[in-house]
Amino acid sequence: MASLLAHPGLILIAGAFLLVWLRGGARSAVALAAPMAAVVLAWNVPEGVAVQAHFLDFELALFATDKLSRLFAIIFALMAFGGALFALNQKSPLELPAALLYAGAAIGVAFAGDLVTVFVFWELMAIGSALVVWSAGRTAYAASLRYMMIHLLGGVLLMAGIAGHVAEFGSIAFERMTLDSPSHWLILAGFLINAGAPPLSAWLPDAYPEASWSGTVFLSAFTTKTAVYVLLRGFPGTELLVYVGLFMIFYGIVYALLENDMRRILAYSIVNQVGFMVTGVGIGTEMALNGAAAHAFTHIIYKALLLMSAGSVLLMTGRRKCTDLGGLFQSMPLTAACGIIGALSISSFPLTSGFVSKSMISQAAVDLNLFYVWIALAAASAGVFLHAGIKFPWFVFFQKDSGLRPPEPPLNMRVAMIFFSVLCIGLGVAPGALYELLPYAVDYVPYTGAHVVAQLQLLLFSGLAFFVMLDYLRRTLTITLDVDWLYRRLGPAVCGVAARALARMFAALASAAPARIMDIVSALRRHHGPEGVLARTWPTGSMALWVMVLLLVYLLLYYL
Amino acid sequence: MRSWRRSNLPFSKPPITRCNILISQNYPILHVVVPLIAAPLMVLLRHGGFAWLLAAVASWSSLAVSAALLAEVAGGGVISYAIGSWAPPWGIEYRIDSVNAFLLVLVSLIASVVVIYCRESVEAEVAPEQHYLFYTMYVLCLAGLLGIAATGDGFNLFVFLEISSLSSYVLIALGRDRRALVASYQYLIMGTIGATFIVIGVGLLFLMTGTLNLADMAARLREVTDTRPILAALAFLTVGISLKLALFPLHLWLPNAYAYAPSAVTAFLAATATKVSLYVLLRFYYSVFGESAVFIAHPTSDILLVLSLAAMFIASTVAIFQDNIKRLFAYSSVAQIGYITLGVSFDSLTGLTAAIVHLFNHALTKGAIFLLLGGIALRLGAVRFQDIGGIARVMPLTSFGIVLAGLSLIGVPGTVGFVSKWYLVLAAIESGAWWLALLIVLSSLLAVIYVWRFVEAAYFQVPSASVSRLREAPLSMLVPAWLMVAACLYFGLDASLTLSGASQAAAELLPGSR
């Protein structure tokens, strides 16, 4: 049990609870020290199962390590550190503790050696992330509720699946699964909901942009990448995931191109990027799995960087729509530069981190002769450059001059952005360190002449396309409809229509039926107010009637 | 009764028959007798403080005796106690096995915890001249519930049922709200119908077997199974007991009774009364009629399944729309009872284990919630959503306790609710019903909504002037309530004690699958 103290996730969770009680300098110190300690611990953790516990009939492996879990734990801890640094001057007292809880739970999933532990941390993660959204205040309230419900639904599917898996195989070990039983389908569905896969992708762009300027930075990192991690461990080489991933890639691109809110653009781009990883998991070769893991690693850094620069803009200007922004590079040159580095990374520009990771997935498709997958990935790379690589920095920092002259953000935010920019470039220039961490041995060289030239051509032409079509891409004040409209608008509308139809039905019945039934129906209608027919206090007589009905039913069924 | 049969087999352990004068050997009746004697004493002395002390002593001694009994039968033994040394089946027999010993401990434990809480809560909610009456009824109700659990005699069971029911009608009617009278009256009517049905059922069984001793009855029933009167008895008993345990749609008395009763009474009844009724159902189904007569020959499972699902979903949905928080959690009780009967409907070892462990777990959870709500009622005078806005700032311990217990209602890992739900889902999957496993977990989303309504009101609203003047609930109420909350968490993390008790009880009821 002593080594439980060395669990990086639990360190973060303990730090989160400590933060609630702290103020001022002590708060900042703990907020930075806890993730720092987690990074060091995750880096040095030995492989194997360190902590076991007994729960119900099972032996839980609370703290099991291999290369894959270590990779994710390191990047999660690193992200928690960078995020905490960025969020130090966040006014909301709740957000930072919630974010550390959230990060700790994500690390907990990465170190979970069994499905029950996965589930426990999974739910904790849902709670932590929902708290991060809530802490943004009243405007985020409704979005956070929708977010919570979707994630609890995912948790519910996961729990049913795990229970089924246990009933079927008698083991809770978290190992590779195949889609041969309903329980595994349920587990996959639970995982995919967190990955932002269709048909429920909409929770992500619905909730993330509602969080505060610093909250979104945390949100972008953990939930979807934990999903990628569990898919890597549980379902590598599942063909279905290739198609799911490709769908996510293009879904993200299309909606991001249509979007006007700068952080919603980046949220859609998360779905898009996770799509690359899911595709990699689906391809399933060592190269593809390495690629998916590496891409998760680099994506966390550059997406956080992009959202940090967007968050800085939001904090300093209070505006979030592309149509309201523009020309900010004049007074926020550092923020603009960091945003551009993030944008280049996400577009896989050579010498940035995206280049060394995403290309591994494409290469895996080539190795397996998956021509159409490769074509789709190449086309999507161009699309990514369009929506995130150029569109975000262009509309926010250049374009027309909006007349805004906000100053640079506070020091801690600038340091955090510089830190992540350095990481982006560093990983791009010297990918060896990252390749060392990957689960399988890497014999892949990203910087070949052909590859660099091909990528540059691709980026150049899509960049050209962007400026040629600029008039079409210029954002207007529009709102894009997504699946979440179904449950935000259509659902309540349908319920309303159904309720009115029911009321009409009762009315029709009342006018047509004989007097006795009419009495009953009118009695029902009279109490059809907010209390509802099943909620109101029944007259004693009708209670007794129910008793008789039930007795008759039983007698009838027993006698037959 | 199976254990009775087993005792007639040559090589098995005979029940320990007792008719001795040593106190320890009168344990099987002592836990009922002590509160039963305490009651008239209180009426004679007519003093509230003294009555409370007596009630506390009676509850605690019942708990001690029950714990001793549980320890004795834990190995799978059966204690048979003949009242007045009249040997069964002629005299009244008390039979303690691992099923009812588990329940005895639960009931007396809850009573012991609630009685501490009563001191201050009753002071505030019941008129002073009625205090002695309150405690009289409290111990009578306790004696009745313990008697139901302990007795092995059909008619004696009915008598204790009436004792507990009549006293609970009075307890509910003592509520401050005038609607308590109507609620109590309705409960009285419905409870009497239920009791009548039960006595009709027992009467029919007596008619066909010529015995009232449940174990003896079980042995003789095998000769007359599937005759019309026996089937009628089964139907009457099922409906009668379903009424007492508030199985949907016979739950209609429950929400108002719980909502308007004094807080301590709500907590006590919610945690014990329906649970004891559930035990009676299990006893009749498995020990008297036998599994094959109830579940295999007839569609009892299917009916129970449908009603349980209806309870889980409809009652939870209704709970979401309640304004009165006590009423909300009363509806949630109906839904949770649905989980228990769902476990029974699987008619499997896992299902029964799930049902029994949830019986225990839900008693802890709901007990905790109603005790904590009593704290709010004490300070604020009301427990409606529009009144409690922002209450977490002034009553942080109470609010946080409700949230923790609410997490247990939802079934979050680390709470007892998760243990129950896990076994329920396992039982559903074991029986091959995937869709059912999904429905079970989906229904917990409804619990999320109604628990969230409390969180939202308590934590996210700005306290009104009247709320911000409040203080935290008194320690004598917080400590018992938090004991229950702590138990919710403890047994959620280390479920070995409750699970072994439940699975042993389930194995006792379902001998074939041991």
# chains A, B, ... in the order shown; residues from 1 in each chain; ligands from 1
call {"tool": "residues_around", "arguments": {"residues": "Gly432 (chain A)", "least_positions_apart": "5", "cutoff": "10 Å", "atoms": "only C-alpha atoms", "output": "PyMOL selection string"}}
result
chain A and resi 356+427+437+442+445
call {"tool": "interface_residues", "arguments": {"of": "chain A", "to": "chain B", "cutoff": "6 Å", "atoms": "only C-alpha atoms", "output": "VMD selection string"}}
result
chain A and resid 156 163 535 540 551 554 to 555
call {"tool": "write_last_selection", "arguments": {"atoms": "all heavy atoms", "output": "PDB file, in the first residue's frame"}}
result
ATOM      1  N   VAL A 156     -22.635   4.422 -17.675  1.00  0.00           N
ATOM      2  CA  VAL A 156     -23.642   3.381 -17.491  1.00  0.00           C
ATOM      3  C   VAL A 156     -23.429   2.238 -18.491  1.00  0.00           C
ATOM      4  O   VAL A 156     -23.456   1.060 -18.141  1.00  0.00           O
ATOM      5  CB  VAL A 156     -25.019   4.045 -17.655  1.00  0.00           C
ATOM      6  CG1 VAL A 156     -26.030   3.107 -18.215  1.00  0.00           C
ATOM      7  CG2 VAL A 156     -25.483   4.634 -16.347  1.00  0.00           C
ATOM      8  N   ALA A 163     -19.781  -5.491 -16.225  1.00  0.00           N
ATOM      9  CA  ALA A 163     -20.476  -6.552 -15.490  1.00  0.00           C
ATOM     10  C   ALA A 163     -20.675  -7.774 -16.387  1.00  0.00           C
ATOM     11  O   ALA A 163     -20.476  -8.914 -15.963  1.00  0.00           O
ATOM     12  CB  ALA A 163     -21.817  -6.039 -14.971  1.00  0.00           C
ATOM     13  N   ALA A 535     -48.131  11.307  -9.557  1.00  0.00           N
ATOM     14  CA  ALA A 535     -47.485  11.904  -8.412  1.00  0.00           C
ATOM     15  C   ALA A 535     -48.476  12.371  -7.368  1.00  0.00           C
ATOM     16  O   ALA A 535     -48.137  12.512  -6.215  1.00  0.00           O
ATOM     17  CB  ALA A 535     -46.640  13.090  -8.864  1.00  0.00           C
ATOM     18  N   THR A 540     -58.388   7.431  -1.238  1.00  0.00           N
ATOM     19  CA  THR A 540     -58.216   6.110  -0.657  1.00  0.00           C
ATOM     20  C   THR A 540     -58.943   5.040  -1.463  1.00  0.00           C
ATOM     21  O   THR A 540     -58.455   3.925  -1.632  1.00  0.00           O
ATOM     22  CB  THR A 540     -58.732   6.121   0.783  1.00  0.00           C
ATOM     23  OG1 THR A 540     -58.289   7.323   1.386  1.00  0.00           O
ATOM     24  CG2 THR A 540     -58.210   4.943   1.563  1.00  0.00           C
ATOM     25  N   LEU A 551     -54.973  -8.101  -7.105  1.00  0.00           N
ATOM     26  CA  LEU A 551     -55.376  -9.409  -6.568  1.00  0.00           C
ATOM     27  C   LEU A 551     -56.017 -10.243  -7.665  1.00  0.00           C
ATOM     28  O   LEU A 551     -55.715 -11.429  -7.842  1.00  0.00           O
ATOM     29  CB  LEU A 551     -56.352  -9.214  -5.407  1.00  0.00           C
ATOM     30  CG  LEU A 551     -56.821 -10.522  -4.768  1.00  0.00           C
ATOM     31  CD1 LEU A 551     -55.683 -11.171  -4.013  1.00  0.00           C
ATOM     32  CD2 LEU A 551     -58.004 -10.295  -3.842  1.00  0.00           C
ATOM     33  N   TYR A 554     -53.434 -11.554 -10.071  1.00  0.00           N
ATOM     34  CA  TYR A 554     -52.701 -12.695  -9.517  1.00  0.00           C
ATOM     35  C   TYR A 554     -53.563 -13.953  -9.520  1.00  0.00           C
ATOM     36  O   TYR A 554     -53.130 -15.025  -9.942  1.00  0.00           O
ATOM     37  CB  TYR A 554     -52.258 -12.392  -8.090  1.00  0.00           C
ATOM     38  CG  TYR A 554     -50.897 -11.731  -8.011  1.00  0.00           C
ATOM     39  CD1 TYR A 554     -50.754 -10.418  -7.611  1.00  0.00           C
ATOM     40  CD2 TYR A 554     -49.754 -12.455  -8.339  1.00  0.00           C
ATOM     41  CE1 TYR A 554     -49.516  -9.823  -7.541  1.00  0.00           C
ATOM     42  CE2 TYR A 554     -48.509 -11.867  -8.266  1.00  0.00           C
ATOM     43  CZ  TYR A 554     -48.386 -10.545  -7.870  1.00  0.00           C
ATOM     44  OH  TYR A 554     -47.158  -9.962  -7.805  1.00  0.00           O
ATOM     45  N   LEU A 555     -54.811 -13.816  -9.046  1.00  0.00           N
ATOM     46  CA  LEU A 555     -55.697 -14.983  -8.983  1.00  0.00           C
ATOM     47  C   LEU A 555     -55.868 -15.589 -10.362  1.00  0.00           C
ATOM     48  O   LEU A 555     -55.760 -16.793 -10.566  1.00  0.00           O
ATOM     49  CB  LEU A 555     -57.047 -14.576  -8.402  1.00  0.00           C
ATOM     50  CG  LEU A 555     -57.075 -14.439  -6.876  1.00  0.00           C
ATOM     51  CD1 LEU A 555     -58.422 -13.933  -6.418  1.00  0.00           C
ATOM     52  CD2 LEU A 555     -56.770 -15.772  -6.223  1.00  0.00           C
TER      53      LEU A 555
END
call {"tool": "residues_around", "arguments": {"residues": "Leu373 (chain B)", "least_positions_apart": "6", "cutoff": "9 Å", "atoms": "only C-alpha atoms", "output": "PyMOL selection string"}}
result
chain B and resi 263+325-326+383+398-399+402
call {"tool": "write_last_selection", "arguments": {"atoms": "C-alpha atoms", "output": "PDB file, in the first residue's frame"}}
result
ATOM      1  CA  SER B 263     -38.500  13.308  10.582  1.00  0.00           C
ATOM      2  CA  ILE B 325     -37.717  16.914  -0.788  1.00  0.00           C
ATOM      3  CA  LYS B 326     -39.044  14.383   1.692  1.00  0.00           C
ATOM      4  CA  VAL B 383     -37.926  20.910   3.186  1.00  0.00           C
ATOM      5  CA  THR B 398     -25.918  18.201   6.533  1.00  0.00           C
ATOM      6  CA  SER B 399     -25.815  19.080   2.851  1.00  0.00           C
ATOM      7  CA  ILE B 402     -27.132  14.189   1.748  1.00  0.00           C
TER       8      ILE B 402
END
call {"tool": "residues_around", "arguments": {"residues": "Asn290 (chain A)", "least_positions_apart": "3", "cutoff": "10 Å", "atoms": "only C-alpha atoms", "output": "ChimeraX atom specification"}}
result
/A:68,232,277,280-281,284-287,293-296,357,360-361,364,435,437-442
call {"tool": "closest_residue", "arguments": {"among": "A:Thr352, A:Ser421, A:Ser359, A:Ser331", "to": "Asp401 (chain A)", "atoms": "only C-alpha atoms"}}
result
A:Ser331
call {"tool": "select_by_dssp", "arguments": {"residues": "region 120-357 of chain B", "states": "strand (DSSP E or B)", "output": "list in words"}}
result
Thr151, Asp153, Asn213 and Asn324 of chain B
call {"tool": "decode", "arguments": {"residues": "region 399-433 of chain B", "atoms": "N, CA and C atoms", "output": "mmCIF file, in the first residue's frame"}}
result
data_model
loop_
_atom_site.group_PDB
_atom_site.id
_atom_site.type_symbol
_atom_site.label_atom_id
_atom_site.label_comp_id
_atom_site.auth_asym_id
_atom_site.auth_seq_id
_atom_site.Cartn_x
_atom_site.Cartn_y
_atom_site.Cartn_z
ATOM 1 N N SER B 399 -25.677 19.122 4.304
ATOM 2 C CA SER B 399 -25.815 19.080 2.851
ATOM 3 C C SER B 399 -24.855 18.067 2.242
ATOM 4 N N PHE B 400 -23.635 18.074 2.736
ATOM 5 C CA PHE B 400 -22.654 17.157 2.155
ATOM 6 C C PHE B 400 -23.031 15.703 2.444
ATOM 7 N N GLY B 401 -23.587 15.476 3.635
ATOM 8 C CA GLY B 401 -24.052 14.123 3.956
ATOM 9 C C GLY B 401 -25.125 13.668 2.988
ATOM 10 N N ILE B 402 -26.070 14.563 2.680
ATOM 11 C CA ILE B 402 -27.132 14.189 1.748
ATOM 12 C C ILE B 402 -26.537 13.897 0.375
ATOM 13 N N VAL B 403 -25.537 14.687 -0.022
ATOM 14 C CA VAL B 403 -24.925 14.452 -1.331
ATOM 15 C C VAL B 403 -24.247 13.074 -1.352
ATOM 16 N N LEU B 404 -23.530 12.742 -0.277
ATOM 17 C CA LEU B 404 -22.857 11.441 -0.236
ATOM 18 C C LEU B 404 -23.870 10.303 -0.295
ATOM 19 N N ALA B 405 -24.914 10.408 0.523
ATOM 20 C CA ALA B 405 -25.935 9.371 0.503
ATOM 21 C C ALA B 405 -26.633 9.352 -0.857
ATOM 22 N N GLY B 406 -26.787 10.526 -1.470
ATOM 23 C CA GLY B 406 -27.380 10.597 -2.805
ATOM 24 C C GLY B 406 -26.522 9.870 -3.820
ATOM 25 N N LEU B 407 -25.208 9.993 -3.680
ATOM 26 C CA LEU B 407 -24.308 9.258 -4.583
ATOM 27 C C LEU B 407 -24.534 7.759 -4.425
ATOM 28 N N SER B 408 -24.814 7.360 -3.198
ATOM 29 C CA SER B 408 -25.088 5.945 -2.970
ATOM 30 C C SER B 408 -26.400 5.533 -3.643
ATOM 31 N N LEU B 409 -27.398 6.421 -3.627
ATOM 32 C CA LEU B 409 -28.659 6.130 -4.337
ATOM 33 C C LEU B 409 -28.397 5.941 -5.822
ATOM 34 N N ILE B 410 -27.505 6.757 -6.352
ATOM 35 C CA ILE B 410 -27.193 6.672 -7.779
ATOM 36 C C ILE B 410 -26.425 5.379 -8.057
ATOM 37 N N GLY B 411 -25.604 4.979 -7.094
ATOM 38 C CA GLY B 411 -24.804 3.773 -7.304
ATOM 39 C C GLY B 411 -23.391 4.086 -7.750
ATOM 40 N N VAL B 412 -22.833 5.142 -7.196
ATOM 41 C CA VAL B 412 -21.466 5.519 -7.547
ATOM 42 C C VAL B 412 -20.492 4.567 -6.841
ATOM 43 N N PRO B 413 -19.441 4.113 -7.518
ATOM 44 C CA PRO B 413 -18.484 3.213 -6.885
ATOM 45 C C PRO B 413 -17.922 3.816 -5.607
ATOM 46 N N GLY B 414 -17.729 2.962 -4.599
ATOM 47 C CA GLY B 414 -17.252 3.451 -3.322
ATOM 48 C C GLY B 414 -18.385 3.652 -2.334
ATOM 49 N N THR B 415 -19.621 3.540 -2.806
ATOM 50 C CA THR B 415 -20.772 3.604 -1.906
ATOM 51 C C THR B 415 -21.500 2.262 -1.947
ATOM 52 N N VAL B 416 -22.375 2.055 -0.964
ATOM 53 C CA VAL B 416 -23.091 0.781 -0.929
ATOM 54 C C VAL B 416 -23.977 0.593 -2.160
ATOM 55 N N GLY B 417 -24.467 1.706 -2.692
ATOM 56 C CA GLY B 417 -25.355 1.595 -3.852
ATOM 57 C C GLY B 417 -24.694 0.889 -5.016
ATOM 58 N N PHE B 418 -23.403 1.079 -5.156
ATOM 59 C CA PHE B 418 -22.698 0.428 -6.260
ATOM 60 C C PHE B 418 -22.671 -1.084 -6.062
ATOM 61 N N VAL B 419 -22.436 -1.512 -4.830
ATOM 62 C CA VAL B 419 -22.382 -2.951 -4.559
ATOM 63 C C VAL B 419 -23.709 -3.603 -4.955
ATOM 64 N N SER B 420 -24.820 -2.987 -4.514
ATOM 65 C CA SER B 420 -26.132 -3.545 -4.846
ATOM 66 C C SER B 420 -26.322 -3.607 -6.348
ATOM 67 N N LYS B 421 -26.034 -2.486 -6.983
ATOM 68 C CA LYS B 421 -26.315 -2.402 -8.415
ATOM 69 C C LYS B 421 -25.459 -3.390 -9.193
ATOM 70 N N TRP B 422 -24.240 -3.522 -8.753
ATOM 71 C CA TRP B 422 -23.328 -4.461 -9.407
ATOM 72 C C TRP B 422 -23.916 -5.878 -9.367
ATOM 73 N N TYR B 423 -24.392 -6.302 -8.206
ATOM 74 C CA TYR B 423 -24.923 -7.660 -8.107
ATOM 75 C C TYR B 423 -26.226 -7.796 -8.868
ATOM 76 N N LEU B 424 -27.018 -6.729 -8.883
ATOM 77 C CA LEU B 424 -28.255 -6.773 -9.665
ATOM 78 C C LEU B 424 -27.926 -6.964 -11.148
ATOM 79 N N VAL B 425 -26.968 -6.196 -11.623
ATOM 80 C CA VAL B 425 -26.601 -6.299 -13.035
ATOM 81 C C VAL B 425 -26.044 -7.685 -13.331
ATOM 82 N N LEU B 426 -25.212 -8.183 -12.416
ATOM 83 C CA LEU B 426 -24.680 -9.536 -12.611
ATOM 84 C C LEU B 426 -25.808 -10.556 -12.690
ATOM 85 N N ALA B 427 -26.792 -10.408 -11.786
ATOM 86 C CA ALA B 427 -27.906 -11.355 -11.781
ATOM 87 C C ALA B 427 -28.678 -11.270 -13.086
ATOM 88 N N ALA B 428 -28.858 -10.034 -13.599
ATOM 89 C CA ALA B 428 -29.586 -9.864 -14.859
ATOM 90 C C ALA B 428 -28.831 -10.540 -15.998
ATOM 91 N N ILE B 429 -27.522 -10.366 -16.013
ATOM 92 C CA ILE B 429 -26.737 -10.947 -17.101
ATOM 93 C C ILE B 429 -26.697 -12.472 -16.975
ATOM 94 N N GLU B 430 -26.628 -12.940 -15.727
ATOM 95 C CA GLU B 430 -26.653 -14.381 -15.493
ATOM 96 C C GLU B 430 -27.916 -15.002 -16.074
ATOM 97 N N SER B 431 -29.033 -14.288 -15.926
ATOM 98 C CA SER B 431 -30.284 -14.842 -16.446
ATOM 99 C C SER B 431 -30.419 -14.569 -17.940
ATOM 100 N N GLY B 432 -29.386 -14.008 -18.539
ATOM 101 C CA GLY B 432 -29.388 -13.831 -19.988
ATOM 102 C C GLY B 432 -30.125 -12.602 -20.472
ATOM 103 N N ALA B 433 -30.550 -11.742 -19.539
ATOM 104 C CA ALA B 433 -31.341 -10.585 -19.949
ATOM 105 C C ALA B 433 -30.454 -9.349 -20.068
#
